[in-house]
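Q: Here it is: the structure, laid out below.
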Amino acid sequence: MHVCGLLIECPGREPTPVPLTGVSVQARIIDLVAEVTIEQRYVNRETQPIEAVYLFPLDEGAGVCKFTAEVDGRSIEGVVKKTEEAQTDYEQAIQSGHSAFLVEEKLPDVFKAKVGNLAAGSGAKIRLTYVTELKVEGGEIRFYLPTTIAPRYVPPTDHSSVAKDLASINYTQESHYRVDFNATVRMGSAIKEIRSPTHKIAVSHDSVNKPMDGTLKLDDVVTSMDRDLVVYIKVAEPNQPRLIHEKSSNGSTAVMLSLVPSFKLAEQKTELIFLVDRSGSMAGSGIEQAKQALKLFLHSLPTDCYVNIAGFGFSYEELFPSSRKYDEVVLNHAKAYAEQLQANLGGTEIFNPLEQIFQKPPIDGYLRQVFVLTDGEVSNADQVLGLVRRHSGRTRLFALGLGSSASHHLVEGMARAGNGTALFASLEERLEKKVMQQLQDALQPALTDIKINWEGYDETEQSTTPAQPVQTEKTLMGYGKPLVDPEASVPPTEKPEMKLRQAPCDKMIPPVFDGKHFIVYALLADDAHQPKWAEVIAASPVGPLSLKVHLNEQNSEEGQLVHCLAARKLIQLLQDREENDNAKKEIIQLGCRYGLTSRYTSYVAVDPKEQKDLKESWMMMKSRDIPVQVAHGWGGGSRMRRGAPVPMCMDDPVENSCTSFGAPPPMAMPMMSNRAPMMKSMQRSVQPQSLNDPMSLPSLSLSRDVPAFESLIFDASTDDRNQPKENTDDDKLMKLVSSQNFDGSFKLETSIAQLLDTTTDDITQAGQKSSYPDQVWVTAIALAYMTLALAQLQTSWMLVAKKAEKWLQSQHLADQDACKMAAQEYVKAKLHL
């Protein structure tokens with residue numbers, strides 16, 4: 001047999017060709033939502049039937065709403081069923097001599113596809129379509145396409161089926177098949193720019209004739225699935241509110257209320273805790289970016305706050321036993337601590353650190369805000385989310401996912417559960433801007449107690465639970481309780497259908513932040529009135545803020561996109577807060593009605609053609625796992641060497657300090673998702689002398705059935721793509737900010753003189769000519785430099801400048817404006833502007 005394409009190399013076994021031969025993606029981006037269709041192509045190049053098994057990532061908030069399969073030219077429509085029923089149909093079809101296909105949700109951002117009974121020499125295609133909401137970051141709309149699942153840390157207490165699936169993933173250095181991506185873009189206002197920080201893209205946009213439309217595609221032939229594709233779209237009016245009606249082919253109606261609010265409220269007093277993931281998977285540029293972002297974060301804090309820094313891995317470290325009042329000593333101590341941070345604390349044990357933070361007593365008068373910076377590579381995300389949700393009453397959590405494939409389920413989920421916001425940064429993006437966005441969100445109160453009024457409806461008609469009459473007679477036998485059993489009062493088959501079902505309902509709408517996408521849906525009964533407007537009313541420290549959004553007839557659409565988004569939102573809320581069997585039943589009902597995958601519903605497709613050869617040989621069918629390409633930059637490198645030694649106690653190949661921080665005994669050692677077979681056969685532990693040198697780590701004795709591609713270690717020496725470029729504007733900002741005191745003033749240091757290509761003496765003499773004190777003059781110069789030389793980084797230095805302005809005002813200068821003007825002229829002269 002002539003074999004071509006990617007091969008799986010297994011010790012003691014013949015090489016087997018990988019059956020996945022190509023992936024194509026077609027996206028339709030419509031304003032602040034997207035519809036994405038992914039096609040996976042499989043070919044069985046072996047001599048017997050196979051089952052191809054592929055774990056792949058999807059957008060965490062996505063609703064998979066359509067699934068089709070094609071075998072040898074025959075098209076098969078997938079059907080959503082309860083997962084148990086879908087699995088049964090799949091197994092029975094295989095035993096009966098049919099090709100069959102199964103798509104299951106393992107986690108909201110990890111799916112599993114099975115292509116069963118693929119005959120020798122046959123080809124198959126599977127196409128799945130999902131819909132998703134898009135985020136707004138800094139005035140830009142963000143679209144992302146996940147491409148790989150980073151190795152997940154599996155705690156020793158996690159024995160779930162999901163953990164087993166994640167631990168079974170095989171990783172490879174290269175994908176060896178082509179990836180195609182094409183997208184159409186249609187915005188609600190003129191497109192200003194379309195860019196990608198992660199990939200080279202070709203953009204087509206006619207700004208004169210079709211200013212709101214555009215297309216994009218990958219500019220190069222891509223055979224790599226090692227990093228998420230991220231696209232930013234800048235439009236003229238990102239804050240424009242919209243009310244959209246959608247009519248489906250079966251006559252039902254769905255409504256979407258979408259807006260990006262804009263408001264500014266007075267800062268609140270806060271306790272700010274920065275929790276940094278220091279597991280080995282953060283090694284390299286990840287931890288270096290975290291250090292730089294943390295320094296800017298520390299200089300941007302308001303003078304009246306409390307602060308602490310903590311790091312976690314297998315163990316947990318804090319800068320201070322409890323948060324300290326922010327002052328010059330604390331700032332310098334925290335900067336020194338940030339400078340020496342390393343990704344050396346073992347596996348990603350995030351649950352215990354969060355639990356310790358939540359258990360600390362609150363500081364009277366200061367609202368606790370926790371910032372979690374992580375690549376999010378854990379298997380026990382649901383356990384972590386439950387913990388965050390239980391403590392959300394007095395602690396707000398903001399999450400920032402870092403890297404080429406951070407777990408959106410964990411990062412987005414923590415932010416939702418903790419009433420905060422979530423942002424993501426690829427290794428090609430700087431963290432400072434993202435951290436500053438979240439700090440601004442934390443310092444300003446969010447809008448809460450959101451209420452939506454729909455034209456033509458009152459609260460009773462929107463209620464999800466009909467009011468029950470209660471006993472008002474003051475008797476010991478039933479006072480205040482329902483007069484009748486609520487379960488028996490209205491039989492399930494007779495419960496009246498709600499005319500309007502809101503998703504999420506008012507009490508579950510999360511806090512609203514300035515500049516963040518706010519979206520609410522409504523599903524209407526077939527004969528229900530279609531609202532002509534919707535009003536949002538939100539509580540704030542200055543009283544209620546409201547907005548009424550009217551329907552524009554041009555925003556009436558036909559299709560299922562909004563229906564699926566609304567149903568997916570309901571499923572997400574039910575899965576996030578699942579409490580009883582009723583929630584499970586409702587998830588299944590929604591999934592089956594709207595054709596959506598969920599924790600309890602899956603897609604199954606069965607080829608109607610029975611093949612005699614398959615029926616007779618199904619027991620000989622070989623299962624083939626599709627290797628997943630390891631994430632770009634994972635563990636500090638971008639290339640791997642085949643057959644390199646793999647240290648134990650690892651969240652990734654360069655994790656190297658569990659011994660010095662007290663690792664668990666070998667028999668209790670947590671497993672990493674890409675190291676499951678290895679962990680069973682570990683023979684010795686990491687020695688202290690190797691802790692700072694990943695290349696000197698001891699090798700392991702591997703069991704015979706461990707594939708060679710599982711024994712991989714990164715080699716960053718041959719690829720400098722992750723190395724930061726020196727002397728960028730971000731670097732200049734960090735050099736400037738390092739000279740700022742905690743109170744906002746700047747001290748005259750050589751670093752500032754270097755930025756202006758002059759000397760400290762020259763700066764001092766220029767200030768003395770106008771009789772400005774040194775500290776006042778240097779602070780004014782720093783402000784002028786940020787405004788003139790770093791204008792494009794305003795989001796990053798906004799809080800730094802705000803503190804400096806406040807300090808200048810406190811000096812009661814005779815003419816502050818004259819001082820600032822003189823500083824600007826000085827900076828212009830030095831920079832030749």
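Simple scheme: letters A, B, ... for chains in structure tokens order, numbers from 1 for residues in each chain, numbers from 1 for ligands in the order shown.
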I'd like the neighbourhood of A:Lys264 as a PyMOL selection string, where a residue qualifies if any of its atoms comes within 10 Å (using only C-alpha atoms), though same-chain residues fewer than 6 positions away should be ignored.
A: chain A and resi 444-446+513-514
Q: Can I get the selection written as an mmCIF file, in the first residue's frame, with C-alpha atoms?
A:
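Okay, selection18.cif is ready:
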data_model
loop_
_atom_site.group_PDB
_atom_site.id
_atom_site.type_symbol
_atom_site.label_atom_id
_atom_site.label_comp_id
_atom_site.auth_asym_id
_atom_site.auth_seq_id
_atom_site.Cartn_x
_atom_site.Cartn_y
_atom_site.Cartn_z
ATOM 1 C CA GLN A 444 -15.432 51.829 38.185
ATOM 2 C CA PRO A 445 -18.722 50.413 39.514
ATOM 3 C CA ALA A 446 -20.597 48.169 37.101
ATOM 4 C CA PHE A 513 -19.418 47.343 32.171
ATOM 5 C CA ASP A 514 -18.484 50.429 30.193
#
Q: Would you list the contacts of A:Lys434 as a ChimeraX atom specification, taking every protein, DNA or RNA residue within 12 Å and counting only C-alpha atoms, but skipping same-chain residues closer than 2 positions in sequence?
A: /A:137-138,289-290,292-294,296-297,371,373,398-402,421-426,429-432,436-441,793,795-797
Q: Measuring atom to atom with only C-alpha atoms, identify which of A:Ile450, A:Ala538, A:Leu145, A:Val79 is nearest to A:Asp109.
A: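 So, comparing all the options, the nearest one is A:Leu145.
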Q: Can you work out which one of A:His391, A:Lys499, A:Lys335, A:Arg599 has the shortest atom-to-atom distance to A:Ile357, counting only C-alpha atoms?
A: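 Ranking A:His391, A:Lys499, A:Lys335, A:Arg599 by distance to A:Ile357, first place goes to A:His391.
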Q: Any idea what's packed within 12 Å of A:Ala829, counting only C-alpha atoms, ignoring anything in its chain fewer than 2 positions away? Could you give it as a list in words?
A: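 Counting only C-alpha atoms, the residues come to Leu756, Asp757, Thr758, Ala766, Ile781, Ala784, Tyr785, Leu788, Ala822, Ala823, Gln824, Glu825, Tyr826, Val827, Leu831, His832 and Leu833 of chain A.
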Q: As a PyMOL selection string, please: all residues of stretch 126-292 of chain A that backbone DSSP puts in strand (DSSP E or B).
A: chain A and resi 126-133+135-137+140-145+153-154+171-172+178-186+191-195+201-204+213-218+222+229-235+242-247+253-259+270-277
Q: Nearest residue to A:Glu174 out of A:Pro627, A:Gly559, A:Gly767, A:Gly73, using only C-alpha atoms?
A: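 Of all the options, A:Pro627 lies closest to A:Glu174.
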Q: To one decimal place, how far is atom CA of A:Leu410 from atom CA of A:Ser379 in Å?
A: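 Separation of atom CA of A:Leu410 and atom CA of A:Ser379: 9.2 Å.
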Q: When distances are computed from only C-alpha atoms, which of A:Lys112, A:Gly61, A:Val43, A:Asn308 shows the smallest separation from A:Val411?
A: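 Closest residue, counting only C-alpha atoms: A:Gly61.
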Q: Work out how far apart atom CA of A:Gln530 and atom CA of A:Arg242 are and give it in Å to one decimal.
A: 15.2 Å
Q: Looking at A:Lys234, A:Lys106, A:Lys217, A:Lys291, which one is nearest to A:Val435, with distances taken over only C-alpha atoms?
A: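 Checking each candidate against A:Val435, we get A:Lys291 as the closest.
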Q: Give me, please, the distance in Å between atom CA of A:Leu341 and atom CA of A:Gly313, quoted to one decimal.
A: 12.4 Å
Q: Out of A:Glu70, A:Asp31, A:Asp228, A:Glu246, which residue has the shortest atom-to-atom distance to A:Ala566 when counting only C-alpha atoms?
A: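 Of A:Glu70, A:Asp31, A:Asp228, A:Glu246, the one nearest A:Ala566, counting only C-alpha atoms, is A:Glu246.
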Q: Taking the DSSP assignment computed from this structure's backbone, write out as a PyMOL selection string all residues of stretch 259-436 of chain A that belong to alpha helix (DSSP H).
A: chain A and resi 285-299+328-339+351-359+381-390+408-417+432-436
